[in-house]
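Below is protein24.cif, holding mmCIF, C-alpha atoms.
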```cif
data_query
#
loop_
_atom_site.label_atom_id
_atom_site.label_comp_id
_atom_site.auth_asym_id
_atom_site.auth_seq_id
_atom_site.Cartn_x
_atom_site.Cartn_y
_atom_site.Cartn_z
CA SER A 84 -11.79 22.15 -15.55
CA HIS A 85 -13.57 22.16 -12.21
CA ILE A 86 -10.42 21.05 -10.37
CA ALA A 87 -8.40 23.88 -11.91
CA GLN A 88 -11.06 26.39 -10.88
CA ILE A 89 -11.29 25.37 -7.23
CA PHE A 90 -7.51 25.31 -6.70
CA GLY A 91 -6.86 28.50 -8.64
CA PRO A 92 -4.03 29.35 -11.03
CA SER A 93 -1.17 29.58 -8.50
CA ARG A 94 -1.67 26.77 -5.97
CA GLU A 95 1.03 24.10 -6.25
CA LEU A 96 0.07 20.45 -5.74
CA ASP A 97 1.89 17.17 -5.10
CA VAL A 98 2.61 15.30 -8.33
CA TYR A 99 4.63 12.09 -8.60
CA GLU A 100 6.70 11.22 -11.65
CA SER A 101 7.54 7.63 -12.57
CA ARG A 102 9.43 5.95 -15.40
CA SER A 103 7.22 2.89 -15.06
CA ARG A 104 3.48 2.44 -14.71
CA TYR A 105 3.88 1.85 -10.95
CA PHE A 106 3.47 4.53 -8.32
CA ARG A 107 4.54 2.82 -5.14
CA TYR A 108 4.06 4.70 -1.88
CA TRP A 109 7.28 5.22 0.07
CA LYS A 110 8.46 7.00 3.19
CA SER A 111 12.22 7.36 3.29
CA LYS A 112 12.29 8.65 6.88
CA GLN A 113 10.92 5.38 8.23
CA HIS A 114 13.49 3.25 6.40
CA THR A 115 15.78 1.67 9.00
CA ALA A 116 16.31 -1.69 7.29
CA PRO A 117 19.98 -2.76 7.03
CA PHE A 118 20.28 -1.99 3.30
CA PRO A 119 19.88 1.15 1.16
CA PHE A 120 16.59 2.36 -0.33
CA GLN A 121 16.17 4.15 -3.65
CA GLU A 122 12.99 6.15 -4.12
CA PRO A 123 11.00 4.64 -7.03
CA THR A 124 9.22 7.88 -7.95
CA THR A 125 10.01 11.59 -7.81
CA LEU A 126 7.82 14.02 -5.88
CA LEU A 127 7.26 17.29 -7.73
CA ARG A 128 5.29 20.44 -6.88
CA MET A 129 3.39 22.05 -9.74
CA ARG A 130 0.21 23.89 -10.61
CA PHE A 131 -2.73 21.89 -11.95
CA SER A 132 -2.29 23.45 -15.39
CA GLN A 133 1.34 22.30 -15.39
CA PHE A 134 0.30 18.79 -14.40
CA LEU A 135 -2.15 18.65 -17.30
CA ALA A 136 0.56 19.83 -19.69
CA HIS A 137 2.98 17.17 -18.41
CA ALA A 138 0.34 14.45 -18.65
CA LYS A 139 -0.66 15.49 -22.17
CA GLY A 140 2.93 15.83 -23.35
CA SER A 141 3.93 12.46 -21.92
CA GLY A 142 0.94 10.73 -23.52
CA GLU A 143 1.58 12.30 -26.93
CA ALA A 144 5.27 11.42 -26.76
CA LYS A 145 4.45 7.75 -26.15
CA LEU A 146 1.97 7.71 -29.01
CA LYS A 147 4.57 9.23 -31.34
CA LYS A 148 7.21 6.81 -30.14
CA ARG A 149 4.95 3.84 -30.85
CA SER A 150 3.90 5.10 -34.28
CA GLU A 151 7.48 5.85 -35.33
CA GLN A 152 8.90 2.78 -33.58
CA THR A 153 11.78 4.80 -32.16
CA SER A 154 13.82 4.10 -29.06
CA ASP A 155 13.55 7.67 -27.74
CA THR A 156 12.79 7.67 -23.99
CA THR A 157 12.20 11.38 -23.36
CA GLY A 158 8.45 10.88 -23.02
CA ASN A 159 8.76 7.61 -21.15
CA LYS A 160 7.21 8.93 -17.92
CA LEU A 161 3.88 8.92 -16.17
CA TYR A 162 2.49 11.53 -13.77
CA TYR A 163 0.10 11.08 -10.86
CA LEU A 164 -1.36 13.97 -8.87
CA GLN A 165 -1.88 12.91 -5.24
CA GLU A 166 -2.88 15.91 -3.13
CA SER A 167 -4.12 15.93 0.46
CA LEU A 168 -7.20 18.13 0.72
CA SER A 169 -6.34 19.20 4.27
CA GLY A 170 -5.31 22.81 4.73
CA HIS A 171 -6.94 24.08 1.54
CA ALA A 172 -9.01 27.07 2.60
CA GLU A 173 -9.99 27.63 -1.03
CA LEU A 174 -12.00 24.38 -0.90
CA ALA A 175 -14.45 25.59 1.77
CA SER A 176 -17.29 26.23 -0.66
CA GLU A 177 -16.56 22.95 -2.45
CA PHE A 178 -16.73 20.98 0.81
CA ALA A 179 -19.99 22.70 1.75
CA GLY A 180 -21.69 21.01 -1.21
CA TRP A 181 -20.64 17.48 -0.24
CA ASP A 182 -23.08 15.08 1.45
CA TRP A 183 -21.27 14.89 4.79
CA PRO A 184 -24.36 13.73 6.78
CA TRP A 185 -24.48 10.53 4.74
CA LEU A 186 -20.81 9.75 5.51
CA LEU A 187 -21.09 10.75 9.17
CA ASN A 188 -24.07 8.44 9.61
CA LEU A 189 -21.88 5.57 8.43
CA VAL A 190 -19.14 6.64 10.81
CA LYS A 191 -21.57 6.66 13.70
CA LYS A 192 -23.13 3.32 12.75
CA PHE A 193 -19.81 1.48 12.59
CA GLU A 194 -18.12 3.51 15.36
CA TRP A 195 -15.25 4.71 13.19
CA GLY A 196 -13.28 7.85 13.85
CA ILE A 197 -14.36 11.09 12.18
CA PRO A 198 -13.07 11.31 8.56
CA ASP A 199 -9.75 13.06 9.00
CA ARG A 200 -8.03 12.73 5.63
CA ASN A 201 -8.98 13.08 1.99
CA ILE A 202 -6.67 12.54 -0.95
CA LEU A 203 -7.40 13.75 -4.48
CA LEU A 204 -6.00 11.34 -7.08
CA VAL A 205 -5.69 12.34 -10.74
CA GLY A 206 -3.67 9.93 -12.84
CA MET A 207 -2.75 9.11 -16.40
CA GLN A 208 -4.04 6.04 -18.17
CA GLY A 209 -2.21 2.94 -16.98
CA ALA A 210 -0.90 4.51 -13.77
CA THR A 211 -0.93 1.75 -11.16
CA THR A 212 -0.88 1.76 -7.37
CA PRO A 213 0.81 -1.52 -6.30
CA ALA A 214 -0.86 -3.91 -3.87
CA HIS A 215 -0.95 -2.62 -0.30
CA TYR A 216 -3.22 -2.39 2.72
CA ASP A 217 -4.24 0.57 4.90
CA GLU A 218 -4.73 0.91 8.63
CA GLN A 219 -7.77 3.15 8.22
CA GLU A 220 -11.26 2.59 6.88
CA ASN A 221 -11.50 4.02 3.37
CA MET A 222 -14.55 5.14 1.39
CA PHE A 223 -13.10 5.33 -2.11
CA CYS A 224 -15.02 7.54 -4.56
CA GLN A 225 -14.47 7.27 -8.30
CA MET A 226 -15.24 10.70 -9.81
CA ARG A 227 -14.08 10.49 -13.42
CA GLY A 228 -13.00 7.71 -15.78
CA ARG A 229 -12.63 4.03 -14.95
CA LYS A 230 -10.31 2.32 -12.50
CA GLU A 231 -9.79 -1.40 -12.03
CA ILE A 232 -9.10 -2.85 -8.62
CA PHE A 233 -7.98 -6.20 -7.26
CA MET A 234 -8.63 -6.90 -3.58
CA TRP A 235 -7.43 -9.61 -1.19
CA PRO A 236 -8.68 -10.23 2.37
CA PRO A 237 -6.35 -9.91 5.39
CA SER A 238 -6.18 -13.72 5.52
CA ASP A 239 -4.08 -13.61 2.32
CA HIS A 240 -1.26 -11.76 4.11
CA ARG A 241 1.23 -14.63 3.82
CA LYS A 242 0.51 -14.91 0.11
CA LEU A 243 1.35 -11.27 -0.68
CA TYR A 244 4.74 -11.00 1.09
CA ALA A 245 4.66 -7.59 2.74
CA PHE A 246 7.89 -5.59 2.75
CA PRO A 247 9.74 -5.68 6.08
CA VAL A 248 8.13 -3.37 8.62
CA ASN A 249 11.27 -1.22 8.83
CA HIS A 250 11.36 -0.76 5.04
CA ALA A 251 10.25 2.48 3.37
CA CYS A 252 7.51 0.50 1.57
CA ASP A 253 5.99 -0.99 4.71
CA ARG A 254 2.40 -2.33 4.28
CA GLN A 255 2.97 -3.06 0.59
CA ALA A 256 3.37 -6.33 -1.27
CA MET A 257 6.75 -7.31 -2.66
CA VAL A 258 5.04 -9.61 -5.16
CA ASN A 259 3.72 -7.88 -8.27
CA PRO A 260 0.22 -9.23 -9.09
CA ASP A 261 0.65 -8.17 -12.74
CA CYS A 262 3.62 -10.51 -13.26
CA PRO A 263 4.24 -12.54 -10.09
CA ASP A 264 7.56 -14.31 -9.63
CA LEU A 265 6.20 -17.59 -8.27
CA LYS A 266 9.67 -19.01 -7.67
CA ARG A 267 10.45 -16.17 -5.25
CA PHE A 268 6.87 -15.79 -3.95
CA PRO A 269 5.39 -19.32 -4.18
CA ASN A 270 2.45 -18.72 -1.84
CA TYR A 271 0.99 -16.13 -4.19
CA ARG A 272 -0.31 -18.90 -6.46
CA TYR A 273 -2.92 -19.59 -3.79
CA ALA A 274 -4.18 -16.01 -3.60
CA ARG A 275 -7.66 -15.45 -4.99
CA PRO A 276 -8.37 -11.74 -5.49
CA HIS A 277 -11.73 -10.07 -5.86
CA TYR A 278 -11.98 -7.85 -8.95
CA ALA A 279 -14.05 -4.82 -9.92
CA THR A 280 -14.05 -2.02 -12.45
CA LEU A 281 -15.07 1.28 -10.89
CA GLN A 282 -17.05 3.72 -13.03
CA ALA A 283 -17.52 7.44 -12.45
CA GLY A 284 -19.99 7.81 -9.60
CA ASP A 285 -19.09 4.50 -7.91
CA LEU A 286 -18.13 4.30 -4.25
CA LEU A 287 -16.13 1.37 -2.86
CA TYR A 288 -15.60 0.54 0.79
CA LEU A 289 -12.00 -0.56 1.44
CA PRO A 290 -11.89 -2.08 4.94
CA VAL A 291 -8.85 -1.94 7.20
CA GLY A 292 -6.35 -4.65 6.29
CA TRP A 293 -7.74 -5.48 2.84
CA TRP A 294 -5.02 -5.50 0.21
CA HIS A 295 -5.78 -3.59 -2.99
CA HIS A 296 -4.03 -3.05 -6.33
CA LEU A 297 -5.46 -0.30 -8.56
CA ARG A 298 -4.96 0.84 -12.17
CA ASN A 299 -6.40 3.75 -14.15
CA LEU A 300 -8.12 2.52 -17.31
CA ASP A 301 -8.84 5.96 -18.78
CA PRO A 302 -6.81 9.16 -19.23
CA LEU A 303 -6.95 11.50 -16.22
CA SER A 304 -8.93 9.21 -13.97
CA VAL A 305 -10.07 11.11 -10.84
CA SER A 306 -10.71 9.59 -7.39
CA ILE A 307 -11.14 10.91 -3.85
CA THR A 308 -10.47 8.93 -0.67
CA PHE A 309 -12.24 9.42 2.66
CA TRP A 310 -10.13 7.87 5.40
CA CYS A 311 -11.51 7.22 8.88
CA LYS A 312 -9.67 5.79 11.86
CA GLN A 313 -10.77 2.26 12.69
CA GLN A 314 -12.93 1.37 15.64
CA LYS A 315 -10.98 1.39 18.90
CA VAL A 316 -10.85 -1.94 20.71
CA SER A 317 -9.49 -2.23 24.26
CA LEU A 318 -7.30 -5.18 25.19
CA GLU A 319 -9.91 -6.28 27.73
CA SER A 320 -12.65 -6.43 25.12
CA LEU A 321 -10.73 -8.57 22.63
CA GLN A 322 -12.36 -11.90 21.86
CA LEU A 323 -10.40 -14.98 20.83
CA PRO A 324 -9.67 -16.14 18.26
CA LEU A 325 -8.66 -12.77 16.82
CA LYS A 326 -10.11 -11.66 13.52
CA GLN A 327 -7.69 -11.68 10.57
CA ARG A 328 -7.57 -7.88 10.43
CA GLN A 329 -6.69 -7.84 14.14
CA LEU A 330 -3.94 -10.40 13.61
CA LEU A 331 -2.56 -8.20 10.84
CA THR A 332 -2.25 -5.30 13.29
CA VAL A 333 -0.76 -7.51 16.02
CA ARG A 334 1.76 -8.95 13.58
CA ARG A 335 2.96 -5.59 12.29
CA ASN A 336 3.16 -3.99 15.74
CA LEU A 337 5.03 -7.00 17.13
CA GLU A 338 7.64 -6.91 14.36
CA GLU A 339 8.13 -3.19 14.90
CA MET A 340 8.47 -3.58 18.68
CA THR A 341 10.86 -6.52 18.36
CA MET A 342 13.24 -4.56 16.12
CA ARG A 343 13.16 -1.57 18.45
CA MET A 344 14.15 -3.81 21.35
CA PHE A 345 16.68 -6.14 19.71
CA GLY A 346 18.00 -4.19 16.70
CA GLN A 347 16.82 -3.32 13.20
CA ASP A 348 18.56 -6.36 11.69
CA VAL A 349 17.39 -8.98 14.19
CA LEU A 350 14.48 -10.35 12.11
CA PHE A 351 16.73 -10.65 9.06
CA LYS A 352 19.17 -12.70 11.18
CA LEU A 353 16.36 -14.81 12.58
CA ALA A 354 14.96 -15.46 9.10
CA LYS A 355 18.44 -16.49 7.94
CA ALA A 356 18.80 -18.89 10.86
CA VAL A 357 15.46 -20.47 9.97
CA ARG A 358 16.49 -20.93 6.33
CA ASN A 359 19.87 -22.41 7.18
CA SER A 360 18.71 -24.81 9.87
CA PRO A 361 15.26 -24.86 11.44
CA GLU A 362 16.59 -27.20 14.16
CA LYS A 363 19.44 -24.87 15.17
CA GLU A 364 17.14 -21.87 14.93
CA ALA A 365 15.03 -23.30 17.75
CA LYS A 366 18.12 -23.06 19.97
CA ALA A 367 19.29 -19.68 18.67
CA GLN A 368 21.37 -17.76 21.16
CA GLY A 369 21.88 -14.09 21.89
CA LYS A 370 19.55 -11.39 20.59
CA VAL A 371 18.22 -13.60 17.81
CA GLY A 372 17.04 -16.25 20.26
CA GLN A 373 15.72 -13.64 22.66
CA ALA A 374 13.77 -11.96 19.88
CA ARG A 375 12.19 -15.25 18.84
CA GLU A 376 11.20 -16.07 22.42
CA PHE A 377 9.83 -12.58 22.95
CA MET A 378 7.65 -12.75 19.84
CA ALA A 379 6.32 -16.22 20.67
CA LYS A 380 5.56 -15.16 24.23
CA CYS A 381 3.63 -12.10 23.07
CA LEU A 382 1.63 -14.13 20.56
CA SER A 383 0.81 -16.77 23.17
CA ASN A 384 -1.59 -14.22 24.66
CA PHE A 385 -3.75 -14.71 21.57
CA MET A 386 -3.17 -18.35 20.60
CA PRO A 387 -1.78 -21.66 21.98
CA LYS A 388 1.98 -21.70 22.61
CA GLU A 389 2.86 -24.18 19.85
CA GLU A 390 0.76 -22.26 17.36
CA ALA A 391 2.45 -19.02 18.44
CA GLU A 392 5.90 -20.49 17.78
CA ARG A 393 4.87 -21.57 14.29
CA TYR A 394 3.27 -18.23 13.67
CA VAL A 395 6.55 -16.42 14.30
CA LEU A 396 8.17 -18.42 11.50
CA HIS A 397 5.22 -17.78 9.18
CA MET A 398 5.53 -14.04 9.82
CA LEU A 399 9.11 -14.03 8.54
CA GLN A 400 8.75 -16.48 5.65
CA GLY A 401 9.88 -14.97 2.34
CA ARG A 402 9.96 -11.40 3.71
CA TYR A 403 13.16 -10.75 5.68
CA LEU A 404 15.65 -11.99 3.07
CA GLY A 405 17.51 -8.74 2.39
CA ASP A 406 16.47 -8.62 -1.28
CA ALA A 407 13.59 -6.15 -0.87
CA ALA A 408 15.34 -3.59 -3.09
CA LEU A 409 14.73 -5.87 -6.07
CA TRP A 410 10.96 -5.63 -5.66
CA VAL A 411 10.49 -1.89 -5.01
CA GLN A 412 10.03 -1.06 -8.69
CA SER A 413 8.83 -3.33 -11.45
CA GLU A 414 10.97 -3.66 -14.56
CA ASN A 415 7.88 -3.04 -16.71
CA THR A 416 8.13 0.35 -18.41
CA THR A 417 5.40 2.59 -19.73
CA ASP A 418 5.97 1.36 -23.28
CA ASP A 419 3.18 -1.21 -22.97
CA LEU A 420 0.54 1.12 -21.60
CA MET A 421 -0.91 2.45 -24.85
#
```
Let me see the file written as structure tokens.
Amino acid sequence: SHIAQIFGPSRELDVYESRSRYFRYWKSKQHTAPFPFQEPTTLLRMRFSQFLAHAKGSGEAKLKKRSEQTSDTTGNKLYYLQESLSGHAELASEFAGWDWPWLLNLVKKFEWGIPDRNILLVGMQGATTPAHYDEQENMFCQMRGRKEIFMWPPSDHRKLYAFPVNHACDRQAMVNPDCPDLKRFPNYRYARPHYATLQAGDLLYLPVGWWHHLRNLDPLSVSITFWCKQQKVSLESLQLPLKQRQLLTVRRNLEEMTMRMFGQDVLFKLAKAVRNSPEKEAKAQGKVGQAREFMAKCLSNFMPKEEAERYVLHMLQGRYLGDAALWVQSENTTDDLM
């Protein structure tokens, strides 16, 4: 294939292995939440030819398992190649043939940063990237096969229940849109996603802060991302009320700063105080009370004081409960993918 040719026979690439259809992004080094984290996928290094063999073998094993109705789980895995294209000198001639002027004109028009990251995505049929949002502008190119995508605006943040900021799965939804637990995540019933099926040759703009949930509909679906840093906005130039995507950034940065100042468990304690007694929470003492006051004071720069106090509680609702480990990986296996 063309991909095999441009990387050559010996170059090893990043490939993730999963026992379910879900390939959740994780970063163990950033996990400072007060409970353990288990990586939901395994990162492997292999040549492209090896990846193809794994993908083919896994697909054939599932077909055989279904036809024979056996309980064998040896082929019950999916593989997803996710390789950064930075630092690949062998891609120089490939890059030279891309229409960079078209992309750079967009960058200039919208005052984004120069495209500084590309990811090549090659995944098996059914492989799913759970709902998440990015902090960069993304021009998402579908190169081969079909991929379905669900998208939610930044205003749906409270409905998607982001993992705690100090969790390894930060910026991702705890709720699974494929089978939402509405008892645990009741606000999700009010979410209204946009939907599209991307065909080979399609390009989709994924703005900063827009949640997206993607699934490969065909075997060996191929996509390439073009990530650009978002437009810089100085504090002096901010206009009130803030846009939803700006509030998303403020919210995440404020949570992160609060835990650095008052402890990595302080928002979990504050959320517990709110659940146990909203009246007592308002008079919380010690670090918990100080953290709440600090957050409300910071937010009051962008909204009325009473609204800022309510907003603090909305930020924590359903997120800092200590049960995040239950939602890292779905219980759905790959058995229902084919």
Result set, the PyMOL selection byres ((chain A and resi 332) around 12) on current file, as a VMD selection string: chain A and resid 216 to 219 237 240 248 254 291 to 293 313 316 325 to 331 333 to 339
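Note that the spacing between CA of Glu220 (chain A) and CA of Tyr244 (chain A) amounts to 21.8 Å.
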Write out as a PyMOL selection string the residues lying within 6 Å of Ala251 (chain A), counting all atoms listed in the file and excluding same-chain residues fewer than 3 positions away. chain A and resi 109-111+113-114
Using Å and a single decimal, report how far CA of Leu287 (chain A) sits from CA of Ser176 (chain A). 25.0 Å
Care to translate the PyMOL selection byres ((chain A and resi 168) around 7) into actual residues of this file, as a PDB file with C-alpha atoms, in the coordinates of the input?
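Written output follows (result.pdb):
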```
ATOM      1  CA  GLU A 166      -2.880  15.910  -3.130  1.00  0.00           C
ATOM      2  CA  SER A 167      -4.120  15.930   0.460  1.00  0.00           C
ATOM      3  CA  SER A 169      -6.340  19.200   4.270  1.00  0.00           C
ATOM      4  CA  GLY A 170      -5.310  22.810   4.730  1.00  0.00           C
ATOM      5  CA  HIS A 171      -6.940  24.080   1.540  1.00  0.00           C
ATOM      6  CA  ASN A 201      -8.980  13.080   1.990  1.00  0.00           C
ATOM      7  CA  ILE A 202      -6.670  12.540  -0.950  1.00  0.00           C
ATOM      8  CA  LEU A 203      -7.400  13.750  -4.480  1.00  0.00           C
TER       9      LEU A 203
END
```
Out of A:Ser383, A:Tyr99, A:Lys160, A:Gly209, which residue has the shortest atom-to-atom distance to Ser141 (chain A) when counting only C-alpha atoms?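 Residue with the minimum atom-to-atom distance to Ser141 (chain A): A:Lys160.
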Please write as a PyMOL selection string the full residue list that the PyMOL selection byres ((chain A and resi 279) around 8) yields on this file. chain A and resi 231-233+277-278+280-281
With all atoms listed in the file as the basis for distance, which of A:Ile89, A:Lys230, A:Leu350, A:Phe385 is at the shortest distance from Phe178 (chain A)?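 Of A:Ile89, A:Lys230, A:Leu350, A:Phe385, the one nearest Phe178 (chain A), counting all atoms listed in the file, is A:Ile89.
Of the listed residues A:Thr212, A:Gln314, A:Ser84, A:Asn359, the one whose atoms come nearest to Gln412 (chain A) is A:Thr212, with distances taken using only C-alpha atoms.
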Among A:Trp185, A:Tyr108, A:Trp195, A:Phe223, Thr125 (chain A) is approached most closely, using all atoms listed in the file, by A:Tyr108
Would you mind listing what lies within 10 Å of Ser93 (chain A) as number ranges by chain, with all atoms listed in the file counted and same-chain residues fewer than 5 positions away left out? A: 87, 129-132
